[in-house]
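Working notes, beginning with the structure itself.
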Protein chains: 4
Amino acid sequence: MSPIQHTHSFRVRYGETDQMGVVYHANYLNWFEMGRTELIRGAQISYRELEERGVLLPVTDAVITYKKPARYDDQLEVRTIVEELTPVRLTFRYEIYRMPENELLVWGKTMHVFTTRDLKPIRLSRVEPELYRWLEMQHRGES
Amino acid sequence: MSPIQHTHSFRVRYGETDQMGVVYHANYLNWFEMGRTELIRGAQISYRELEERGVLLPVTDAVITYKKPARYDDQLEVRTIVEELTPVRLTFRYEIYRMPENELLVWGKTMHVFTTRDLKPIRLSRVEPELYRWLEMQHRGES
Amino acid sequence: MSPIQHTHSFRVRYGETDQMGVVYHANYLNWFEMGRTELIRGAQISYRELEERGVLLPVTDAVITYKKPARYDDQLEVRTIVEELTPVRLTFRYEIYRMPENELLVWGKTMHVFTTRDLKPIRLSRVEPELYRWLEMQHRGES
Amino acid sequence: MSPIQHTHSFRVRYGETDQMGVVYHANYLNWFEMGRTELIRGAQISYRELEERGVLLPVTDAVITYKKPARYDDQLEVRTIVEELTPVRLTFRYEIYRMPENELLVWGKTMHVFTTRDLKPIRLSRVEPELYRWLEMQHRGES
């Protein structure tokens with residue numbers, strides 16, 4: 001089975017464009033972050049609550065491939081999956097589509113570690129076992 | 001005497017422009033913040049250290065007047081003064097100039113209260129009397 | 001009658017917070033811009049199309065009052081009205097609410113002129129009379 | 001010989017932090033862009049002039065590795081080299097250091113194509129041969 005895809009819709013804001021007339025390339029990382037926030041919302045615990053309990057997911061690596069530019073007011077979708085999961089690391093994969101054309105604009109990945117508030121590494125499987133099991137199910141495609 | 005003006009130079013970044021071909025208007029608030037950070041650096045204590053000691057300066061009001069647009073790669077100056085100061089409140093005034101033309105582009109103000117980390121109001125004159133006296137001198141124009 | 005209010009819902013993104021643990025104050029200007037984009041979408045012409053036809057609405061002044069901080073993942077609403085309208089100028093007024101508490105966090109205004117792509121002033125009532133009439137109806141509260 | 005490294009110094013702004021208390025990860029892409037702007041400034045033509053002549057450098061790919069977090073008010077350096085150059089493509093490599101400790105925080109790459117204003121690919125060696133030769137010298141480490 002393949003990972004469960006979570007979809008989140010949004011529009012491009014004016015301030016996200018640059019003088020090239022298209023979206024400034026750094027903004028896609030913000031949209032990836034929206035994608036993983038919305039993915040995790042499907043669990044019993046939101047990413048916000050997770051942080052309030054003292055678990056952070058800092059980004060250790062990011063890769064982005066830009067195929068076509070998004071433009072102001074475009075209706076977009078970010079589609080997010082859990083691509084890899086271990087007790088200490090997590091990788092999300094994202095695709096950004098223009099709708100309703102369903103045209104792939106950008107894809108990318110972000111790699112994360114689980115840490116305390118002081119950015120010390122922890123094992124998610126130990127500190128938040130329920131969330132860990134839920135993420136495993138997203139990764140394996142079991143619902 | 002008039003307040004002492006602190007000047008900080010910087011260049012416009014590409015990502016600060018929008019599809020109008022000029023700087024997106026929200027960025028001037030970031031530049032105002034650079035202006036007050038650099039003003040306070042002149043004191044014995046930096047704004048960063050102030051926060052580490054538990055004193056925050058959240059913004060309560062902001063006003064901005066846009067006269068001419070800044071553009072990518074423009075060499076700019078933000079000139080900052082302490083316009084008003086009481087034991088519980090502080091107002092900065094800013095002007096943004098394009099250099100070397102010395103052309104006024106934008107001016108504005110931000111009003112602040114002094115608070116704890118939990119955003120509870122405090123009297124700066126009591127918790128940081130030295131910084132308070134230094135700010136008074138900036139405001140009165142005494143060096 | 002009072003102006004017609006347009007409501008747009010959205011969530012706070014992680015990157016919109018700062019180390020104070022709340023939303024960085026400049027981001028409210030981005031949300032105001034979302035508010036006016038969504039207001040204008042109710043007309044026959046979107047703001048995007050308006051720009052494509054060569055009419056821009058640069059901001060000339062902005063005022064913002066911050067009452068309570070928004071936080072990461074808060075569900076917010078921006079409520080926008082046309083506060084003033086003349087053939088050459090337009091003022092929007094915005095309120096940002098936290099939902100479902102319906103708690104007012106921030107309010108503000110942005111003033112705009114109508115210009116060509118080269119930022120030369122124009123009369124909207126002449127170049128886009130239909131949009132001008134529609135904005136008048138929003139302002140007067142006639143639907 | 002190895003590529004010539006261009007260094008640009010700057011400070012972290014408050015609005016670049018997030019509620020984790022460190023710099024939000026998307027901002028490094030903005031700093032990379034400052035790095036390449038400053039690198040190109042060493043040529044006879046600035047990146048701004050290049051765009052005014054109709055040559056753009058959109059980003060096609062980006063990779064970033066985050067080793068240690070930058071914090072508000074840190075004094076940073078972005079060090080940039082031309083890692084790869086062909087008549088149609090250009091790759092920059094960046095390292096972000098905290099100073100004066102000279103501590104490597106983040107490194108990354110951005111890949112670019114040369115295009116017209118309409119984002120059509122062009123050969124830089126043909127349209128801007130002088131700039132192309134200068135970039136070759138930066139890449140080869142000839143000064």
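If you're wondering about the labels, chains in the structure tokens are A, B, ... by order shown, residues count from 1 in each chain, ligands from 1 in order shown.
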
Considering only strand (DSSP E or B) as DSSP defines it on the backbone, what residues of chain B qualify? List them as a ChimeraX atom specification. /B:6-11,17,23,56,59-66,75-85,89-99,103-113,115,121

C-alpha atoms of the current selection, written as an mmCIF file, in the first residue's frame:
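Contents of the output file again_2.cif:
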data_model
loop_
_atom_site.group_PDB
_atom_site.id
_atom_site.type_symbol
_atom_site.label_atom_id
_atom_site.label_comp_id
_atom_site.auth_asym_id
_atom_site.auth_seq_id
_atom_site.Cartn_x
_atom_site.Cartn_y
_atom_site.Cartn_z
ATOM 1 C CA HIS B 6 19.991 56.541 14.876
ATOM 2 C CA THR B 7 20.726 55.515 11.303
ATOM 3 C CA HIS B 8 20.966 52.001 9.904
ATOM 4 C CA SER B 9 21.798 51.148 6.272
ATOM 5 C CA PHE B 10 20.633 48.118 4.317
ATOM 6 C CA ARG B 11 19.663 46.958 0.831
ATOM 7 C CA THR B 17 9.400 42.978 -3.804
ATOM 8 C CA VAL B 23 8.662 46.612 -2.208
ATOM 9 C CA LEU B 56 9.421 42.475 25.993
ATOM 10 C CA VAL B 59 3.750 46.659 19.421
ATOM 11 C CA THR B 60 0.337 48.096 20.338
ATOM 12 C CA ASP B 61 -0.132 50.467 17.384
ATOM 13 C CA ALA B 62 1.553 51.192 14.083
ATOM 14 C CA VAL B 63 1.049 53.902 11.482
ATOM 15 C CA ILE B 64 2.792 54.063 8.112
ATOM 16 C CA THR B 65 2.699 56.617 5.316
ATOM 17 C CA TYR B 66 4.017 55.514 1.938
ATOM 18 C CA GLN B 75 20.396 51.252 -0.805
ATOM 19 C CA LEU B 76 18.169 52.453 2.044
ATOM 20 C CA GLU B 77 18.514 54.025 5.458
ATOM 21 C CA VAL B 78 16.118 53.727 8.362
ATOM 22 C CA ARG B 79 16.424 56.682 10.742
ATOM 23 C CA THR B 80 14.879 56.125 14.143
ATOM 24 C CA ILE B 81 14.115 58.328 17.141
ATOM 25 C CA VAL B 82 12.456 57.863 20.531
ATOM 26 C CA GLU B 83 9.439 60.091 20.022
ATOM 27 C CA GLU B 84 7.651 59.526 23.328
ATOM 28 C CA LEU B 85 8.620 57.775 26.531
ATOM 29 C CA ARG B 89 4.997 53.149 27.072
ATOM 30 C CA LEU B 90 7.427 53.974 24.267
ATOM 31 C CA THR B 91 6.892 55.405 20.782
ATOM 32 C CA PHE B 92 9.481 55.187 18.016
ATOM 33 C CA ARG B 93 9.365 57.276 14.848
ATOM 34 C CA TYR B 94 11.036 56.093 11.656
ATOM 35 C CA GLU B 95 11.916 57.508 8.279
ATOM 36 C CA ILE B 96 13.106 55.394 5.363
ATOM 37 C CA TYR B 97 15.360 57.146 2.846
ATOM 38 C CA ARG B 98 16.785 56.068 -0.496
ATOM 39 C CA MET B 99 20.487 56.814 -0.673
ATOM 40 C CA GLU B 103 14.915 60.794 -0.800
ATOM 41 C CA LEU B 104 12.223 60.196 1.827
ATOM 42 C CA LEU B 105 10.165 57.125 0.846
ATOM 43 C CA VAL B 106 8.180 56.165 3.931
ATOM 44 C CA TRP B 107 7.713 57.307 7.492
ATOM 45 C CA GLY B 108 5.889 55.758 10.399
ATOM 46 C CA LYS B 109 5.539 55.141 14.099
ATOM 47 C CA THR B 110 5.215 52.145 16.354
ATOM 48 C CA MET B 111 3.874 52.327 19.886
ATOM 49 C CA HIS B 112 4.968 49.770 22.486
ATOM 50 C CA VAL B 113 4.289 48.752 26.045
ATOM 51 C CA THR B 115 5.770 43.648 29.438
ATOM 52 C CA PRO B 121 2.548 45.238 31.634
#

Contacts of Gly54 (chain A) at 7 Å or less, counting only C-alpha atoms, minus same-chain residues fewer than 2 places along, as a count of residues only? 6

List the spatial neighbours of Glu128 (chain B) as an MDAnalysis selection string - criterion: any atom at most 12 Å away, only C-alpha atoms, same-chain residues fewer than 5 positions off excluded. chainID B and resid 43:45 49:51 53:56 87:88 114:115 122:123 133:135

For the selection you just gave me, I'd like the residues written to a file as a PDB file, in the first residue's frame, keeping N, CA and C atoms.
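Below is the file part27.pdb, written as the result:
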ATOM      1  N   ALA B  43      22.594  51.434  23.654  1.00  0.00           N
ATOM      2  CA  ALA B  43      22.557  51.399  25.120  1.00  0.00           C
ATOM      3  C   ALA B  43      23.540  50.352  25.644  1.00  0.00           C
ATOM      4  N   GLN B  44      23.637  50.232  26.962  1.00  0.00           N
ATOM      5  CA  GLN B  44      24.522  49.216  27.554  1.00  0.00           C
ATOM      6  C   GLN B  44      23.978  47.819  27.301  1.00  0.00           C
ATOM      7  N   ILE B  45      22.712  47.739  26.969  1.00  0.00           N
ATOM      8  CA  ILE B  45      22.036  46.449  26.848  1.00  0.00           C
ATOM      9  C   ILE B  45      21.378  46.371  25.476  1.00  0.00           C
ATOM     10  N   GLU B  49      19.318  41.053  24.729  1.00  0.00           N
ATOM     11  CA  GLU B  49      19.594  40.820  26.145  1.00  0.00           C
ATOM     12  C   GLU B  49      18.381  41.221  26.999  1.00  0.00           C
ATOM     13  N   LEU B  50      17.730  42.309  26.587  1.00  0.00           N
ATOM     14  CA  LEU B  50      16.553  42.774  27.309  1.00  0.00           C
ATOM     15  C   LEU B  50      15.506  41.654  27.361  1.00  0.00           C
ATOM     16  N   GLU B  51      15.269  41.014  26.217  1.00  0.00           N
ATOM     17  CA  GLU B  51      14.313  39.908  26.178  1.00  0.00           C
ATOM     18  C   GLU B  51      14.791  38.741  27.028  1.00  0.00           C
ATOM     19  N   ARG B  53      16.415  38.900  29.669  1.00  0.00           N
ATOM     20  CA  ARG B  53      16.160  39.241  31.073  1.00  0.00           C
ATOM     21  C   ARG B  53      14.660  39.252  31.389  1.00  0.00           C
ATOM     22  N   GLY B  54      13.816  39.071  30.362  1.00  0.00           N
ATOM     23  CA  GLY B  54      12.394  38.947  30.631  1.00  0.00           C
ATOM     24  C   GLY B  54      11.564  40.194  30.339  1.00  0.00           C
ATOM     25  N   VAL B  55      12.129  41.163  29.616  1.00  0.00           N
ATOM     26  CA  VAL B  55      11.375  42.376  29.260  1.00  0.00           C
ATOM     27  C   VAL B  55      11.083  42.377  27.761  1.00  0.00           C
ATOM     28  N   LEU B  56       9.807  42.422  27.404  1.00  0.00           N
ATOM     29  CA  LEU B  56       9.421  42.475  25.993  1.00  0.00           C
ATOM     30  C   LEU B  56       8.830  43.847  25.662  1.00  0.00           C
ATOM     31  N   PRO B  87       7.111  55.730  31.778  1.00  0.00           N
ATOM     32  CA  PRO B  87       7.550  54.493  32.430  1.00  0.00           C
ATOM     33  C   PRO B  87       6.881  53.231  31.882  1.00  0.00           C
ATOM     34  N   VAL B  88       5.712  53.378  31.237  1.00  0.00           N
ATOM     35  CA  VAL B  88       5.009  52.185  30.761  1.00  0.00           C
ATOM     36  C   VAL B  88       4.880  52.082  29.237  1.00  0.00           C
ATOM     37  N   PHE B 114       5.833  48.010  27.753  1.00  0.00           N
ATOM     38  CA  PHE B 114       6.832  47.141  28.353  1.00  0.00           C
ATOM     39  C   PHE B 114       6.078  46.030  29.073  1.00  0.00           C
ATOM     40  N   THR B 115       6.474  44.773  28.804  1.00  0.00           N
ATOM     41  CA  THR B 115       5.770  43.648  29.438  1.00  0.00           C
ATOM     42  C   THR B 115       6.762  42.571  29.886  1.00  0.00           C
ATOM     43  N   ILE B 122       4.590  46.102  32.604  1.00  0.00           N
ATOM     44  CA  ILE B 122       5.509  46.463  33.686  1.00  0.00           C
ATOM     45  C   ILE B 122       6.002  47.894  33.472  1.00  0.00           C
ATOM     46  N   ARG B 123       6.609  48.480  34.516  1.00  0.00           N
ATOM     47  CA  ARG B 123       7.208  49.812  34.427  1.00  0.00           C
ATOM     48  C   ARG B 123       8.698  49.647  34.141  1.00  0.00           C
ATOM     49  N   ARG B 133      16.753  55.448  31.728  1.00  0.00           N
ATOM     50  CA  ARG B 133      17.436  56.747  31.703  1.00  0.00           C
ATOM     51  C   ARG B 133      18.113  56.984  30.349  1.00  0.00           C
ATOM     52  N   TRP B 134      18.686  55.912  29.797  1.00  0.00           N
ATOM     53  CA  TRP B 134      19.347  56.049  28.492  1.00  0.00           C
ATOM     54  C   TRP B 134      18.321  56.421  27.415  1.00  0.00           C
ATOM     55  N   LEU B 135      17.159  55.786  27.452  1.00  0.00           N
ATOM     56  CA  LEU B 135      16.109  56.107  26.469  1.00  0.00           C
ATOM     57  C   LEU B 135      15.636  57.545  26.638  1.00  0.00           C
TER      58      LEU B 135
END

Could you please tell me, as number ranges by chain, which residues of chain D have an atom within 10 Å of chain C when using only C-alpha atoms? D: 14-27, 71-72

Per DSSP on the backbone, filter chain C down to the residues in helix (DSSP H, G or I) and report them as a ChimeraX atom specification. /C:14-16,27-41,47-52,124-127,129-140

What is the CA of Lys120 (chain B) to CA of Lys67 (chain C) distance in Å? 13.0 Å

Separation of CA of Arg36 (chain C) and CA of Gly141 (chain C), in Å?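 Distance between the two atoms: 16.2 Å.
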